[in-house]
Amino acid sequence: MKERLIELQNDALKQIQESNDLKQLNEIRVSYLGKKGPITEVLKGMGSLPAEERPLIGAVANEVRAEIQNSLEEKIQKLEEAKVAEQLANETIDVTLPGSQVPSGNRHPLSLIVEEIEDLFIGMGYEIAEGPEVEQDYYNFEALNLPKGHPARDMQDSFYITDEVLLRTHTSPVQARTMEANKDKGPIRIICPGKVYRRDDDDATHSHQFTQIEGLVIDENIKLSDLKGTLQLFAKKLFGEDREIRLRPSFFPFTEPSVEMDISCMMCGGSGCGTCKGTGWIEILGAGMVHPNVLEMAGYDSKKYRGFAFGMGPERIAMLKYGVDDIRHFYTNDLRFLKQFKRANR
């Protein structure tokens with residue numbers, strides 16, 4: 001019986017050494033060490049042995065089992081390590097090879113300008129206010145001292161949906177809504193960025209859809225000098241500390257007095273060039289003191305509160321700041337144009 005166990009061990013070890021397949025090794029394990037294997041069959045005959053020989057045969061059987069089991073584990077480990085090594089070799093990445101460039105996007109130049117202006121005014125204590133682009137006639141015109149029949153309400157200027165609903169022509173309705181919604185009728189300090197729509201023919205300097213940013217401040221004892229100081233700080237921060245401003249009388253229905261602001265030409269420093277048409281100045285925005293009628297329609301006491309408002313076009317500012325000669329470049333989605341502003345993102 002001992003000889004038979006040794007013989008089974010030798011046969012099993014030989015098969016293990018010759019095998020290079022994990023599945024086959026598992027079959028060898030089941031064949032020799034399983035409940036129906038030859039070693040188990042040999043041990044079933046131990047009952048016919050003399051009592052003194054049974055411990056000896058049992059010890060030999062345990063040694064044979066252990067030897068076969070150890071040999072199986074060693075061979076399985078070698079095969080698994082070889083498999084991993086082969087997989088690593090096949091999946092090796094040559095880090096010295098040049099990488100594949102992944103195209104990266106960047107923010108639109110108009111977004112850059114809007115964010116820069118927002119950051120500037122937020123730092124001055126303003127809040128961002130928004131409103132609907134499809135607006136009621138009341139908020140777009142009447143609440144801003146633009147009664148029925150005013151030339152600015154002409155169908156040639158506005159996109160009407162119904163007699164009382166239109167695409168907003170400026171972001172001033174946001175100011176009217178904010179004033180009306182302010183139940184306490186206390187101080188307000190907001191800017192209102194957003195898209196607006198007018199019936200303009202598209203050319204190098206006009207578009208039927210464009211961006212506008214308007215600002216509004218309402219409080220006690222607000223003066224025109226407060227407006228001038230705010231606009232002067234805005235111009236210097238956005239266009240450079242050497243920029244000068246001038247205010248020219250103008251007319252807007254919702255402000256009185258009204259002004260237009262020019263900045264000294266950044267191309268010639270004010271001496272006169274093609275950009276400023278020889279004047280040394282470039283028009284940049286409109287502004288003024290909030291008309292008392294606008295305050296009263298929003299529920300404010302115009303004898304106690306005063307305010308100023310201003311409005312600017314980010315497209316025009318971007319054209320001046322970045323030297324863009326055609327407003328249509330901002331809307332053509334030409335990557336060659338947009339890629340020029342990656343440096344401005346950093």
# chains A, B, ... in the order shown; residues from 1 in each chain; ligands from 1

call {"tool": "residues_around", "arguments": {"residues": "region 269-283 of chain A", "least_positions_apart": "6", "cutoff": "10 Å", "atoms": "only C-alpha atoms", "output": "ChimeraX atom specification"}}
result
/A:242-248,260-263,316,320,323

call {"tool": "write_last_selection", "arguments": {"atoms": "N, CA, C and O atoms", "output": "short mmCIF file (atom, residue, chain, number, x, y, z; two decimals), in the first residue's frame"}}
result
data_model
loop_
_atom_site.label_atom_id
_atom_site.label_comp_id
_atom_site.auth_asym_id
_atom_site.auth_seq_id
_atom_site.Cartn_x
_atom_site.Cartn_y
_atom_site.Cartn_z
N ASP A 242 -4.36 105.15 -17.21
CA ASP A 242 -4.14 106.43 -17.88
C ASP A 242 -5.35 106.91 -18.67
O ASP A 242 -5.29 107.94 -19.34
N ARG A 243 -6.46 106.17 -18.59
CA ARG A 243 -7.66 106.58 -19.33
C ARG A 243 -8.34 107.76 -18.63
O ARG A 243 -8.48 107.79 -17.42
N GLU A 244 -8.77 108.72 -19.43
CA GLU A 244 -9.55 109.84 -18.94
C GLU A 244 -10.97 109.71 -19.49
O GLU A 244 -11.19 109.07 -20.51
N ILE A 245 -11.94 110.32 -18.80
CA ILE A 245 -13.32 110.27 -19.28
C ILE A 245 -13.86 111.68 -19.41
O ILE A 245 -13.34 112.63 -18.80
N ARG A 246 -14.89 111.82 -20.25
CA ARG A 246 -15.64 113.08 -20.30
C ARG A 246 -17.11 112.74 -20.45
O ARG A 246 -17.48 111.73 -21.07
N LEU A 247 -17.96 113.57 -19.87
CA LEU A 247 -19.41 113.37 -19.95
C LEU A 247 -20.00 114.47 -20.82
O LEU A 247 -19.74 115.67 -20.60
N ARG A 248 -20.80 114.06 -21.81
CA ARG A 248 -21.45 115.00 -22.72
C ARG A 248 -22.96 114.95 -22.50
O ARG A 248 -23.52 113.87 -22.31
N GLU A 260 -23.66 111.08 -22.11
CA GLU A 260 -22.91 110.03 -22.78
C GLU A 260 -21.46 110.15 -22.35
O GLU A 260 -20.93 111.26 -22.20
N MET A 261 -20.83 109.00 -22.10
CA MET A 261 -19.46 109.02 -21.61
C MET A 261 -18.49 108.63 -22.72
O MET A 261 -18.69 107.63 -23.43
N ASP A 262 -17.45 109.40 -22.86
CA ASP A 262 -16.35 109.09 -23.78
C ASP A 262 -15.11 108.78 -22.94
O ASP A 262 -14.95 109.29 -21.83
N ILE A 263 -14.24 107.95 -23.50
CA ILE A 263 -12.94 107.70 -22.87
C ILE A 263 -11.85 108.18 -23.82
O ILE A 263 -12.03 108.18 -25.05
N ARG A 316 -19.11 96.30 -27.90
CA ARG A 316 -18.32 97.49 -28.23
C ARG A 316 -17.07 97.58 -27.36
O ARG A 316 -15.99 97.92 -27.84
N LEU A 320 -13.13 97.42 -28.69
CA LEU A 320 -12.12 98.41 -28.37
C LEU A 320 -10.94 97.81 -27.62
O LEU A 320 -9.77 98.09 -27.93
N GLY A 323 -9.30 95.07 -30.06
CA GLY A 323 -8.98 95.48 -31.42
C GLY A 323 -9.75 94.72 -32.48
O GLY A 323 -9.23 94.47 -33.57
#

call {"tool": "closest_atom_pairs", "arguments": {"of": "region 141-210 of chain A", "to": "region 117-133 of chain A", "cutoff": "9 Å", "atoms": "only C-alpha atoms", "output": "JSON lines"}}
result
{"residue": "A:Leu166", "atom": "CA", "partner": "A:Glu133", "partner_atom": "CA", "distance": 8.5}
{"residue": "A:Leu167", "atom": "CA", "partner": "A:Glu133", "partner_atom": "CA", "distance": 5.9}
{"residue": "A:Arg168", "atom": "CA", "partner": "A:Glu133", "partner_atom": "CA", "distance": 5.6}
{"residue": "A:Thr169", "atom": "CA", "partner": "A:Glu133", "partner_atom": "CA", "distance": 8.8}
{"residue": "A:Thr171", "atom": "CA", "partner": "A:Gly131", "partner_atom": "CA", "distance": 7.9}
{"residue": "A:Pro173", "atom": "CA", "partner": "A:Gly131", "partner_atom": "CA", "distance": 7.5}
{"residue": "A:Val174", "atom": "CA", "partner": "A:Gly131", "partner_atom": "CA", "distance": 5.2}
{"residue": "A:Gln175", "atom": "CA", "partner": "A:Ala129", "partner_atom": "CA", "distance": 8.1}
{"residue": "A:Arg177", "atom": "CA", "partner": "A:Gly131", "partner_atom": "CA", "distance": 7.9}
{"residue": "A:Thr178", "atom": "CA", "partner": "A:Ala129", "partner_atom": "CA", "distance": 7.7}
{"residue": "A:Ile188", "atom": "CA", "partner": "A:Tyr126", "partner_atom": "CA", "distance": 8.4}
{"residue": "A:Arg189", "atom": "CA", "partner": "A:Tyr126", "partner_atom": "CA", "distance": 5.0}
{"residue": "A:Ile190", "atom": "CA", "partner": "A:Glu127", "partner_atom": "CA", "distance": 4.7}
{"residue": "A:Ile191", "atom": "CA", "partner": "A:Ile128", "partner_atom": "CA", "distance": 5.3}
{"residue": "A:Cys192", "atom": "CA", "partner": "A:Ala129", "partner_atom": "CA", "distance": 5.1}
{"residue": "A:Pro193", "atom": "CA", "partner": "A:Glu130", "partner_atom": "CA", "distance": 7.1}
{"residue": "A:Gly194", "atom": "CA", "partner": "A:Glu130", "partner_atom": "CA", "distance": 7.4}
{"residue": "A:Lys195", "atom": "CA", "partner": "A:Glu133", "partner_atom": "CA", "distance": 7.1}
{"residue": "A:Val196", "atom": "CA", "partner": "A:Glu133", "partner_atom": "CA", "distance": 7.0}
{"residue": "A:Tyr197", "atom": "CA", "partner": "A:Glu133", "partner_atom": "CA", "distance": 8.7}

call {"tool": "write_last_selection", "arguments": {"atoms": "N, CA and C atoms", "output": "CSV table (one decimal), in the first residue's frame"}}
result
chain,number,residue,atom,x,y,z
A,166,LEU,N,-43.0,91.4,-26.1
A,166,LEU,CA,-41.9,91.6,-27.1
A,166,LEU,C,-40.6,91.1,-26.6
A,167,LEU,N,-39.6,90.9,-27.4
A,167,LEU,CA,-38.3,90.6,-27.0
A,167,LEU,C,-37.7,91.9,-26.5
A,168,ARG,N,-37.1,91.9,-25.3
A,168,ARG,CA,-36.7,93.1,-24.6
A,168,ARG,C,-35.6,93.8,-25.5
A,169,THR,N,-35.7,95.1,-25.5
A,169,THR,CA,-34.8,95.9,-26.4
A,169,THR,C,-33.6,96.4,-25.6
A,171,THR,N,-31.7,95.9,-21.2
A,171,THR,CA,-31.9,95.2,-19.9
A,171,THR,C,-32.5,96.1,-18.8
A,173,PRO,N,-35.6,96.8,-18.3
A,173,PRO,CA,-36.7,96.2,-17.6
A,173,PRO,C,-36.3,95.4,-16.3
A,174,VAL,N,-35.1,94.9,-16.2
A,174,VAL,CA,-34.7,94.3,-15.0
A,174,VAL,C,-34.6,95.3,-13.9
A,175,GLN,N,-34.1,96.5,-14.2
A,175,GLN,CA,-34.1,97.6,-13.2
A,175,GLN,C,-35.5,97.9,-12.7
A,177,ARG,N,-38.2,96.0,-12.7
A,177,ARG,CA,-38.7,94.8,-12.0
A,177,ARG,C,-38.1,94.8,-10.6
A,178,THR,N,-36.8,95.1,-10.5
A,178,THR,CA,-36.1,95.1,-9.2
A,178,THR,C,-36.6,96.2,-8.3
A,188,ILE,N,-30.8,100.4,-3.5
A,188,ILE,CA,-30.5,99.4,-4.5
A,188,ILE,C,-29.2,99.7,-5.2
A,189,ARG,N,-28.4,98.6,-5.4
A,189,ARG,CA,-27.2,98.7,-6.2
A,189,ARG,C,-27.0,97.4,-7.0
A,190,ILE,N,-27.3,97.5,-8.3
A,190,ILE,CA,-27.3,96.3,-9.1
A,190,ILE,C,-26.7,96.6,-10.5
A,191,ILE,N,-26.3,95.5,-11.1
A,191,ILE,CA,-26.0,95.5,-12.6
A,191,ILE,C,-26.8,94.4,-13.2
A,192,CYS,N,-27.1,94.6,-14.5
A,192,CYS,CA,-28.0,93.7,-15.2
A,192,CYS,C,-27.4,93.3,-16.5
A,193,PRO,N,-26.7,92.2,-16.6
A,193,PRO,CA,-26.2,91.7,-17.8
A,193,PRO,C,-27.2,90.8,-18.5
A,194,GLY,N,-27.2,90.8,-19.9
A,194,GLY,CA,-28.0,89.9,-20.6
A,194,GLY,C,-28.1,90.3,-22.1
A,195,LYS,N,-28.8,89.4,-22.8
A,195,LYS,CA,-29.0,89.6,-24.2
A,195,LYS,C,-30.2,90.5,-24.5
A,196,VAL,N,-30.2,91.3,-25.5
A,196,VAL,CA,-31.3,92.2,-25.9
A,196,VAL,C,-31.4,92.1,-27.4
A,197,TYR,N,-32.6,92.5,-27.9
A,197,TYR,CA,-32.9,92.3,-29.3
A,197,TYR,C,-33.5,93.6,-29.9

call {"tool": "closest_residue", "arguments": {"among": "A:Gly105, A:Gly215, A:Pro147, A:Gly99", "to": "Asn293 (chain A)", "atoms": "only C-alpha atoms"}}
result
A:Pro147

call {"tool": "atom_distance", "arguments": {"atom1": "CA of Ile222 (chain A)", "atom2": "CA of Val294 (chain A)"}}
result
15.4 Å

call {"tool": "select_by_dssp", "arguments": {"residues": "region 189-312 of chain A", "states": "alpha helix (DSSP H)", "output": "list in words"}}
result
Leu224, Ser225, Asp226, Leu227, Lys228, Gly229, Thr230, Leu231, Gln232, Leu233, Phe234, Ala235, Lys236, Lys237, Leu238, Phe239, Pro292, Asn293, Val294, Leu295, Glu296 and Met297 of chain A

call {"tool": "decode", "arguments": {"residues": "region 159-173 of chain A", "atoms": "all heavy atoms", "output": "PDB file, in the first residue's frame"}}
result
ATOM      1  N   PHE A 159     -38.908  93.775 -31.668  1.00  0.00           N
ATOM      2  CA  PHE A 159     -39.509  92.515 -32.102  1.00  0.00           C
ATOM      3  C   PHE A 159     -40.723  92.236 -31.211  1.00  0.00           C
ATOM      4  O   PHE A 159     -40.573  91.763 -30.087  1.00  0.00           O
ATOM      5  CB  PHE A 159     -38.510  91.361 -31.973  1.00  0.00           C
ATOM      6  CG  PHE A 159     -37.401  91.389 -32.986  1.00  0.00           C
ATOM      7  CD1 PHE A 159     -36.133  91.827 -32.635  1.00  0.00           C
ATOM      8  CD2 PHE A 159     -37.615  90.966 -34.290  1.00  0.00           C
ATOM      9  CE1 PHE A 159     -35.095  91.846 -33.553  1.00  0.00           C
ATOM     10  CE2 PHE A 159     -36.582  90.974 -35.221  1.00  0.00           C
ATOM     11  CZ  PHE A 159     -35.329  91.426 -34.859  1.00  0.00           C
ATOM     12  N   TYR A 160     -41.900  92.553 -31.701  1.00  0.00           N
ATOM     13  CA  TYR A 160     -43.120  92.312 -30.940  1.00  0.00           C
ATOM     14  C   TYR A 160     -43.641  90.903 -31.200  1.00  0.00           C
ATOM     15  O   TYR A 160     -43.629  90.422 -32.329  1.00  0.00           O
ATOM     16  CB  TYR A 160     -44.203  93.328 -31.300  1.00  0.00           C
ATOM     17  CG  TYR A 160     -44.097  94.619 -30.531  1.00  0.00           C
ATOM     18  CD1 TYR A 160     -43.330  95.671 -31.026  1.00  0.00           C
ATOM     19  CD2 TYR A 160     -44.739  94.779 -29.317  1.00  0.00           C
ATOM     20  CE1 TYR A 160     -43.213  96.858 -30.318  1.00  0.00           C
ATOM     21  CE2 TYR A 160     -44.638  95.957 -28.600  1.00  0.00           C
ATOM     22  CZ  TYR A 160     -43.871  96.997 -29.104  1.00  0.00           C
ATOM     23  OH  TYR A 160     -43.759  98.162 -28.394  1.00  0.00           O
ATOM     24  N   ILE A 161     -44.095  90.254 -30.134  1.00  0.00           N
ATOM     25  CA  ILE A 161     -44.742  88.942 -30.243  1.00  0.00           C
ATOM     26  C   ILE A 161     -46.255  89.121 -30.255  1.00  0.00           C
ATOM     27  O   ILE A 161     -46.962  88.537 -31.068  1.00  0.00           O
ATOM     28  CB  ILE A 161     -44.296  88.036 -29.083  1.00  0.00           C
ATOM     29  CG1 ILE A 161     -42.775  87.829 -29.141  1.00  0.00           C
ATOM     30  CG2 ILE A 161     -45.028  86.691 -29.128  1.00  0.00           C
ATOM     31  CD1 ILE A 161     -42.193  87.100 -27.957  1.00  0.00           C
ATOM     32  N   THR A 162     -46.761  89.937 -29.333  1.00  0.00           N
ATOM     33  CA  THR A 162     -48.150  90.399 -29.342  1.00  0.00           C
ATOM     34  C   THR A 162     -48.100  91.904 -29.097  1.00  0.00           C
ATOM     35  O   THR A 162     -47.013  92.495 -28.985  1.00  0.00           O
ATOM     36  CB  THR A 162     -48.987  89.713 -28.242  1.00  0.00           C
ATOM     37  OG1 THR A 162     -48.554  90.187 -26.951  1.00  0.00           O
ATOM     38  CG2 THR A 162     -48.841  88.199 -28.299  1.00  0.00           C
ATOM     39  N   ASP A 163     -49.264  92.527 -28.970  1.00  0.00           N
ATOM     40  CA  ASP A 163     -49.279  93.969 -28.718  1.00  0.00           C
ATOM     41  C   ASP A 163     -48.649  94.333 -27.384  1.00  0.00           C
ATOM     42  O   ASP A 163     -48.186  95.459 -27.196  1.00  0.00           O
ATOM     43  CB  ASP A 163     -50.727  94.483 -28.759  1.00  0.00           C
ATOM     44  CG  ASP A 163     -51.304  94.467 -30.167  1.00  0.00           C
ATOM     45  OD1 ASP A 163     -50.498  94.378 -31.116  1.00  0.00           O
ATOM     46  OD2 ASP A 163     -52.548  94.509 -30.295  1.00  0.00           O
ATOM     47  N   GLU A 164     -48.635  93.379 -26.439  1.00  0.00           N
ATOM     48  CA  GLU A 164     -48.134  93.675 -25.093  1.00  0.00           C
ATOM     49  C   GLU A 164     -46.913  92.848 -24.698  1.00  0.00           C
ATOM     50  O   GLU A 164     -46.452  92.930 -23.567  1.00  0.00           O
ATOM     51  CB  GLU A 164     -49.247  93.455 -24.059  1.00  0.00           C
ATOM     52  CG  GLU A 164     -50.446  94.370 -24.229  1.00  0.00           C
ATOM     53  CD  GLU A 164     -50.077  95.843 -24.072  1.00  0.00           C
ATOM     54  OE1 GLU A 164     -49.147  96.134 -23.284  1.00  0.00           O
ATOM     55  OE2 GLU A 164     -50.709  96.687 -24.725  1.00  0.00           O
ATOM     56  N   VAL A 165     -46.405  92.033 -25.617  1.00  0.00           N
ATOM     57  CA  VAL A 165     -45.236  91.175 -25.326  1.00  0.00           C
ATOM     58  C   VAL A 165     -44.233  91.323 -26.453  1.00  0.00           C
ATOM     59  O   VAL A 165     -44.598  91.311 -27.638  1.00  0.00           O
ATOM     60  CB  VAL A 165     -45.652  89.699 -25.170  1.00  0.00           C
ATOM     61  CG1 VAL A 165     -44.421  88.828 -24.923  1.00  0.00           C
ATOM     62  CG2 VAL A 165     -46.654  89.544 -24.038  1.00  0.00           C
ATOM     63  N   LEU A 166     -42.953  91.445 -26.095  1.00  0.00           N
ATOM     64  CA  LEU A 166     -41.897  91.612 -27.092  1.00  0.00           C
ATOM     65  C   LEU A 166     -40.588  91.057 -26.560  1.00  0.00           C
ATOM     66  O   LEU A 166     -40.461  90.736 -25.369  1.00  0.00           O
ATOM     67  CB  LEU A 166     -41.731  93.085 -27.434  1.00  0.00           C
ATOM     68  CG  LEU A 166     -41.072  94.006 -26.375  1.00  0.00           C
ATOM     69  CD1 LEU A 166     -40.540  95.262 -27.042  1.00  0.00           C
ATOM     70  CD2 LEU A 166     -42.040  94.362 -25.260  1.00  0.00           C
ATOM     71  N   LEU A 167     -39.613  90.926 -27.445  1.00  0.00           N
ATOM     72  CA  LEU A 167     -38.250  90.623 -27.009  1.00  0.00           C
ATOM     73  C   LEU A 167     -37.653  91.920 -26.474  1.00  0.00           C
ATOM     74  O   LEU A 167     -37.701  92.947 -27.163  1.00  0.00           O
ATOM     75  CB  LEU A 167     -37.412  90.101 -28.174  1.00  0.00           C
ATOM     76  CG  LEU A 167     -37.861  88.794 -28.814  1.00  0.00           C
ATOM     77  CD1 LEU A 167     -36.908  88.406 -29.952  1.00  0.00           C
ATOM     78  CD2 LEU A 167     -37.924  87.667 -27.793  1.00  0.00           C
ATOM     79  N   ARG A 168     -37.111  91.869 -25.266  1.00  0.00           N
ATOM     80  CA  ARG A 168     -36.661  93.107 -24.631  1.00  0.00           C
ATOM     81  C   ARG A 168     -35.618  93.819 -25.498  1.00  0.00           C
ATOM     82  O   ARG A 168     -34.746  93.181 -26.102  1.00  0.00           O
ATOM     83  CB  ARG A 168     -36.102  92.836 -23.239  1.00  0.00           C
ATOM     84  CG  ARG A 168     -34.825  92.014 -23.215  1.00  0.00           C
ATOM     85  CD  ARG A 168     -34.399  91.722 -21.785  1.00  0.00           C
ATOM     86  NE  ARG A 168     -33.149  90.967 -21.760  1.00  0.00           N
ATOM     87  CZ  ARG A 168     -32.626  90.434 -20.649  1.00  0.00           C
ATOM     88  NH1 ARG A 168     -33.249  90.586 -19.483  1.00  0.00           N
ATOM     89  NH2 ARG A 168     -31.485  89.769 -20.696  1.00  0.00           N
ATOM     90  N   THR A 169     -35.708  95.138 -25.545  1.00  0.00           N
ATOM     91  CA  THR A 169     -34.793  95.929 -26.353  1.00  0.00           C
ATOM     92  C   THR A 169     -33.602  96.447 -25.551  1.00  0.00           C
ATOM     93  O   THR A 169     -32.672  97.028 -26.124  1.00  0.00           O
ATOM     94  CB  THR A 169     -35.539  97.129 -26.963  1.00  0.00           C
ATOM     95  OG1 THR A 169     -36.105  97.916 -25.911  1.00  0.00           O
ATOM     96  CG2 THR A 169     -36.651  96.647 -27.882  1.00  0.00           C
ATOM     97  N   HIS A 170     -33.634  96.278 -24.253  1.00  0.00           N
ATOM     98  CA  HIS A 170     -32.531  96.643 -23.363  1.00  0.00           C
ATOM     99  C   HIS A 170     -32.716  95.864 -22.067  1.00  0.00           C
ATOM    100  O   HIS A 170     -33.724  95.170 -21.894  1.00  0.00           O
ATOM    101  CB  HIS A 170     -32.485  98.155 -23.110  1.00  0.00           C
ATOM    102  CG  HIS A 170     -33.829  98.777 -22.844  1.00  0.00           C
ATOM    103  ND1 HIS A 170     -34.067 100.132 -22.858  1.00  0.00           N
ATOM    104  CD2 HIS A 170     -35.049  98.220 -22.558  1.00  0.00           C
ATOM    105  CE1 HIS A 170     -35.342 100.375 -22.598  1.00  0.00           C
ATOM    106  NE2 HIS A 170     -35.944  99.229 -22.404  1.00  0.00           N
ATOM    107  N   THR A 171     -31.746  95.931 -21.169  1.00  0.00           N
ATOM    108  CA  THR A 171     -31.888  95.220 -19.891  1.00  0.00           C
ATOM    109  C   THR A 171     -32.481  96.129 -18.814  1.00  0.00           C
ATOM    110  O   THR A 171     -32.568  95.749 -17.647  1.00  0.00           O
ATOM    111  CB  THR A 171     -30.537  94.662 -19.405  1.00  0.00           C
ATOM    112  OG1 THR A 171     -29.571  95.715 -19.358  1.00  0.00           O
ATOM    113  CG2 THR A 171     -30.048  93.570 -20.320  1.00  0.00           C
ATOM    114  N   SER A 172     -32.932  97.326 -19.205  1.00  0.00           N
ATOM    115  CA  SER A 172     -33.568  98.235 -18.241  1.00  0.00           C
ATOM    116  C   SER A 172     -34.807  97.647 -17.583  1.00  0.00           C
ATOM    117  O   SER A 172     -35.109  97.997 -16.432  1.00  0.00           O
ATOM    118  CB  SER A 172     -33.923  99.556 -18.935  1.00  0.00           C
ATOM    119  OG  SER A 172     -32.769 100.194 -19.428  1.00  0.00           O
ATOM    120  N   PRO A 173     -35.589  96.770 -18.258  1.00  0.00           N
ATOM    121  CA  PRO A 173     -36.734  96.173 -17.553  1.00  0.00           C
ATOM    122  C   PRO A 173     -36.338  95.441 -16.273  1.00  0.00           C
ATOM    123  O   PRO A 173     -37.140  95.355 -15.341  1.00  0.00           O
ATOM    124  CB  PRO A 173     -37.312  95.201 -18.588  1.00  0.00           C
ATOM    125  CG  PRO A 173     -36.880  95.732 -19.901  1.00  0.00           C
ATOM    126  CD  PRO A 173     -35.558  96.377 -19.668  1.00  0.00           C
TER     127      PRO A 173
END
